[in-house]
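Visitor: Handing you this structure, nothing more for now.
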Amino acid sequence: MIWLWILIPVVIIAIILIYYYNRFVVLGNRINNSLAQIDVQLKKRADLVPALVKVVKGYAKHEKQIMADVTKARAAMLKAGDIKGKVKAGDALQNALKSIFAIAENYPDLKANQNFLHLQQELSAIEDKVAYARQYYNDGVLYLENASQKFPGVIFFKLYGRQKKDYLKIPAASKEMPKIDL
Amino acid sequence: MAERISFHDQISRNKWKSVFLMIIVFIVLLALGYVIGLVMGPDYFMIIMVLAIIISIVYIITGYYKSDKIALASVNAKPASQTQYSQYHHSVEGLCLASGMPKPRLYVMENRQINAFASGRDPEHAVICVTTGALTKLNKQELEGVLGHELSHIANYDIRFMTLTAVLVGMVAIISQIFLRSLWWSSIAGGRRSRDNSQVIFLIIGIILAILAPIVVMLVQLAISRKREYSSDASAVKFIRSPTGLIGALKKIDAEHPPSTAEEKKKINKAVAPLFISDPFKKKVQNAFSTHPPIKRRIEILQKM
């Protein structure tokens, strides 16, 4: 009988330890996964840029400055090391792309080009997906914060020496999207 | 975390309800078999009971694994191609990123009305189907609202319970109809056969059962379906972070005319009607048989968010 009285609390403690360990692992993995999703979308965006530049060049030769900006922003994004840097460079690229779509208003032929329309649609879909992936990332960070700051989670979080994650800030500029009619 | 817990509650509730439903349908089918066996007489009783058991097991298993295909087939839906419906695909992909769910398979059904439904047994085996009317009449934001609503049905496991109900209950209705019809014929053909009192009683029970079974299960189904729509509207707003799109879509649905021709009505089987985001038959009167909450009320709630 005595053994049973010792065994039961030990098992309960073990279960609690395992539960919190796994919980933090799951929440952490979810955040890492959403970062990977953001990365995928950013890469897709970068892949589409050369095709876009090529199409636009065919119609708007004089807009060299904007083309150079976009190409530069793309190169900077590909060079960026960690995901934070990539996200930042991705925002810069998005802004540069916006100016391309803005000048397209002055070139009716370009605006009517099927390739251009297709790329514009793809890029705008990617922009939405980046925003959604970020939202999911920030949701994940919020869940982790809640789990790690509440009692008794806070004890186990320190016990296991797990790291906090930062929110991804949404840049002020990207909050106001220019709506381009297709 | 309260929100997440309630989310999990809803999932486990839906899973339990699905199991209960399968058991109830099994019992109902056995009871039907029992009554049919008694009516047919002792010579056939054993054979009919064995058949009833086999048929109901096969039936429930196919219902569970193929419910999405049955639902899609009953509205004649076709897979949505990535190139032709790129906006549809992009919106779903974005919402899946926002909710951390796998991308469901996408289908389109030919119908001028704005409508959509989701089906399947879990998020890994889910489908979304929208009408061609929804794709042409809704703008990007509104379509996203509708798709967000359908994705929440998937995330909550509403699809499992709702599709199972539609498929299993629809079949009960068909079976009892066949039973009623065969009784009619046998009473004409078998007039000269002498019947004792107990057979007549069973005959009456059989008729009552055949009439009541689908009605009772249908009532249960309708009651749950209405609550689910509100909670899915709320989850859609959680994914999208704005109710504007869904409100716009519901307003457009509300402004639409009900299907006028019999041809249009016939395209959607009554059994799958509760799966849709709005009642495909658009009955104006709300009562115990309504499959959906009033759209105006849904818009009101969304506008307060």
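Letters A, B, ... go to the chains of the structure tokens in the order shown; residues in each chain start at 1; ligands are counted from 1 in the same order.
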How close does each residue of chain B get to chain A, giving the shortest atom pair and distance in Å to one decimal for every residue with an atom at most 6 Å away, counting only C-alpha atoms, sorted by chain and residue number, as JSON lines?
Guide:
```
{"residue": "B:His90", "atom": "CA", "partner": "A:Ala125", "partner_atom": "CA", "distance": 5.9}
{"residue": "B:Gly94", "atom": "CA", "partner": "A:Lys129", "partner_atom": "CA", "distance": 4.5}
{"residue": "B:Leu97", "atom": "CA", "partner": "A:Ala133", "partner_atom": "CA", "distance": 5.1}
{"residue": "B:Ala98", "atom": "CA", "partner": "A:Tyr132", "partner_atom": "CA", "distance": 4.6}
```
Visitor: Okay, now the selection with N, CA, C and O atoms, as a compact mmCIF listing (two decimals), in the first residue's frame?
Guide:
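Output file result00.txt follows:
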```
# COMPACT_ATOMS: atom_id res chain seq x y z
N HIS B 90 -6.34 30.67 -54.75
CA HIS B 90 -5.50 31.58 -53.96
C HIS B 90 -6.16 31.91 -52.63
O HIS B 90 -5.51 31.92 -51.59
N GLY B 94 -4.63 31.08 -48.97
CA GLY B 94 -4.35 32.12 -47.98
C GLY B 94 -5.02 31.83 -46.65
O GLY B 94 -4.39 31.91 -45.59
N LEU B 97 -3.34 29.18 -44.73
CA LEU B 97 -2.16 29.69 -44.03
C LEU B 97 -2.58 30.39 -42.74
O LEU B 97 -1.92 30.29 -41.71
N ALA B 98 -3.70 31.12 -42.82
CA ALA B 98 -4.15 31.88 -41.65
C ALA B 98 -4.64 30.96 -40.54
O ALA B 98 -4.59 31.31 -39.37
```
Visitor: If we count only C-alpha atoms, what is near A:Asp69 at a cut-off of 12 Å, once residues fewer than 2 positions away on the same chain are taken out, given as JSON, numbers by chain?
Guide: {"A": [49, 53, 63, 64, 65, 66, 67, 71, 72, 73, 74, 75, 76, 92, 93, 94, 95, 96, 97, 98, 99, 100]}
Visitor: Can you write out the residues you just picked, keeping C-alpha atoms, as a compact mmCIF listing (two decimals), in the first residue's frame?
Guide:
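The resulting file, again.txt, is reproduced below:
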```txt
# COMPACT_ATOMS: atom_id res chain seq x y z
CA VAL A 49 9.87 39.26 -60.20
CA VAL A 53 10.39 43.03 -64.99
CA GLU A 63 11.07 53.52 -66.21
CA LYS A 64 14.61 52.34 -65.60
CA GLN A 65 14.78 53.64 -62.05
CA ILE A 66 11.83 51.57 -60.88
CA MET A 67 13.13 48.44 -62.61
CA THR A 71 15.80 44.16 -59.08
CA LYS A 72 17.85 45.52 -56.21
CA ALA A 73 15.15 44.77 -53.66
CA ARG A 74 14.86 41.23 -54.99
CA ALA A 75 18.62 40.70 -54.75
CA ALA A 76 18.62 42.06 -51.20
CA ALA A 92 10.81 46.47 -49.38
CA LEU A 93 10.32 44.35 -52.50
CA GLN A 94 6.56 44.55 -52.12
CA ASN A 95 6.77 48.34 -51.97
CA ALA A 96 8.95 48.43 -55.07
CA LEU A 97 6.44 46.20 -56.87
CA LYS A 98 3.68 48.57 -55.90
CA SER A 99 5.36 51.35 -57.82
CA ILE A 100 5.51 49.11 -60.88
```
Visitor: Can you measure atom CA of B:Tyr157 to atom CA of B:Ile70 for me? One decimal in Å is fine.
Guide: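 For atom CA of B:Tyr157 relative to atom CA of B:Ile70, the distance reads 17.7 Å.
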Visitor: Please report the interatomic distance between atom CA of B:Ala234 and atom CA of A:Lys165 in Å with one decimal.
Guide: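 Taking atom CA of B:Ala234 and atom CA of A:Lys165, their separation equals 27.9 Å.
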Visitor: Could you list, as an mmCIF file with N, CA, C and O atoms, in the first residue's frame, every residue within 12 Å of A:Val25, counting only C-alpha atoms and ignoring same-chain residues fewer than 4 positions away?
Guide:
```
data_model
loop_
_atom_site.group_PDB
_atom_site.id
_atom_site.type_symbol
_atom_site.label_atom_id
_atom_site.label_comp_id
_atom_site.auth_asym_id
_atom_site.auth_seq_id
_atom_site.Cartn_x
_atom_site.Cartn_y
_atom_site.Cartn_z
ATOM 1 N N ILE A 18 5.687 15.788 -18.669
ATOM 2 C CA ILE A 18 5.644 15.428 -20.089
ATOM 3 C C ILE A 18 4.642 16.312 -20.821
ATOM 4 O O ILE A 18 4.912 16.823 -21.907
ATOM 5 N N TYR A 19 3.499 16.543 -20.169
ATOM 6 C CA TYR A 19 2.460 17.351 -20.811
ATOM 7 C C TYR A 19 2.999 18.732 -21.165
ATOM 8 O O TYR A 19 2.874 19.193 -22.302
ATOM 9 N N TYR A 20 3.637 19.381 -20.196
ATOM 10 C CA TYR A 20 4.098 20.740 -20.473
ATOM 11 C C TYR A 20 5.257 20.755 -21.455
ATOM 12 O O TYR A 20 5.344 21.639 -22.297
ATOM 13 N N TYR A 21 6.117 19.741 -21.359
ATOM 14 C CA TYR A 21 7.228 19.673 -22.305
ATOM 15 C C TYR A 21 6.681 19.597 -23.730
ATOM 16 O O TYR A 21 7.043 20.395 -24.599
ATOM 17 N N ASN A 29 7.013 24.512 -32.430
ATOM 18 C CA ASN A 29 7.077 23.994 -33.801
ATOM 19 C C ASN A 29 6.091 24.700 -34.710
ATOM 20 O O ASN A 29 6.365 24.930 -35.884
ATOM 21 N N ARG A 30 4.923 25.020 -34.134
ATOM 22 C CA ARG A 30 3.926 25.684 -34.945
ATOM 23 C C ARG A 30 4.450 27.040 -35.428
ATOM 24 O O ARG A 30 4.240 27.434 -36.568
ATOM 25 N N ILE A 31 5.153 27.726 -34.518
ATOM 26 C CA ILE A 31 5.706 29.032 -34.886
ATOM 27 C C ILE A 31 6.774 28.859 -35.960
ATOM 28 O O ILE A 31 6.797 29.586 -36.956
ATOM 29 N N ASN A 32 7.661 27.867 -35.773
ATOM 30 C CA ASN A 32 8.713 27.641 -36.772
ATOM 31 C C ASN A 32 8.109 27.289 -38.125
ATOM 32 O O ASN A 32 8.578 27.740 -39.164
ATOM 33 N N ASN A 33 7.065 26.476 -38.076
ATOM 34 C CA ASN A 33 6.419 26.084 -39.323
ATOM 35 C C ASN A 33 5.823 27.287 -40.040
ATOM 36 O O ASN A 33 5.944 27.415 -41.259
ATOM 37 N N GLY A 140 0.503 32.201 -33.181
ATOM 38 C CA GLY A 140 1.319 31.176 -32.523
ATOM 39 C C GLY A 140 2.135 31.761 -31.390
ATOM 40 O O GLY A 140 2.226 31.174 -30.309
ATOM 41 N N LEU A 144 1.921 30.851 -27.406
ATOM 42 C CA LEU A 144 3.103 30.461 -26.648
ATOM 43 C C LEU A 144 3.272 31.392 -25.445
ATOM 44 O O LEU A 144 3.581 30.947 -24.342
ATOM 45 N N ALA A 147 0.750 30.526 -22.822
ATOM 46 C CA ALA A 147 1.076 29.262 -22.164
ATOM 47 C C ALA A 147 2.293 29.421 -21.261
ATOM 48 O O ALA A 147 2.396 28.762 -20.229
ATOM 49 N N SER A 148 3.214 30.284 -21.649
ATOM 50 C CA SER A 148 4.468 30.372 -20.903
ATOM 51 C C SER A 148 4.396 31.376 -19.762
ATOM 52 O O SER A 148 5.269 31.413 -18.905
ATOM 53 N N PHE A 156 7.398 25.633 -15.722
ATOM 54 C CA PHE A 156 7.965 24.630 -16.625
ATOM 55 C C PHE A 156 8.713 25.293 -17.770
ATOM 56 O O PHE A 156 9.727 24.789 -18.233
ATOM 57 N N PHE A 157 8.195 26.435 -18.231
ATOM 58 C CA PHE A 157 8.839 27.142 -19.340
ATOM 59 C C PHE A 157 10.270 27.488 -18.948
ATOM 60 O O PHE A 157 11.210 27.295 -19.724
ATOM 61 N N TYR A 160 12.460 24.184 -18.469
ATOM 62 C CA TYR A 160 12.964 23.575 -19.698
ATOM 63 C C TYR A 160 13.868 24.527 -20.468
ATOM 64 O O TYR A 160 14.392 24.171 -21.514
ATOM 65 N N GLY A 161 13.999 25.750 -19.979
ATOM 66 C CA GLY A 161 14.886 26.716 -20.613
ATOM 67 C C GLY A 161 14.510 27.036 -22.040
ATOM 68 O O GLY A 161 15.368 27.194 -22.914
ATOM 69 N N ARG A 162 13.205 27.144 -22.316
ATOM 70 C CA ARG A 162 12.790 27.424 -23.699
ATOM 71 C C ARG A 162 12.829 28.916 -23.990
ATOM 72 O O ARG A 162 12.759 29.744 -23.082
ATOM 73 N N GLN A 163 12.957 29.222 -25.264
ATOM 74 C CA GLN A 163 13.110 30.610 -25.683
ATOM 75 C C GLN A 163 11.764 31.235 -26.037
ATOM 76 O O GLN A 163 10.897 30.564 -26.601
#
```
Visitor: Set the distance at 12 Å and use only C-alpha atoms: which residues neighbour B:Ser67 once local chain neighbours fewer than 5 positions away are removed? I'd like the list as a ChimeraX atom specification.
Guide: /B:59-62,72-74,118-122,125-127,159-171,272,275
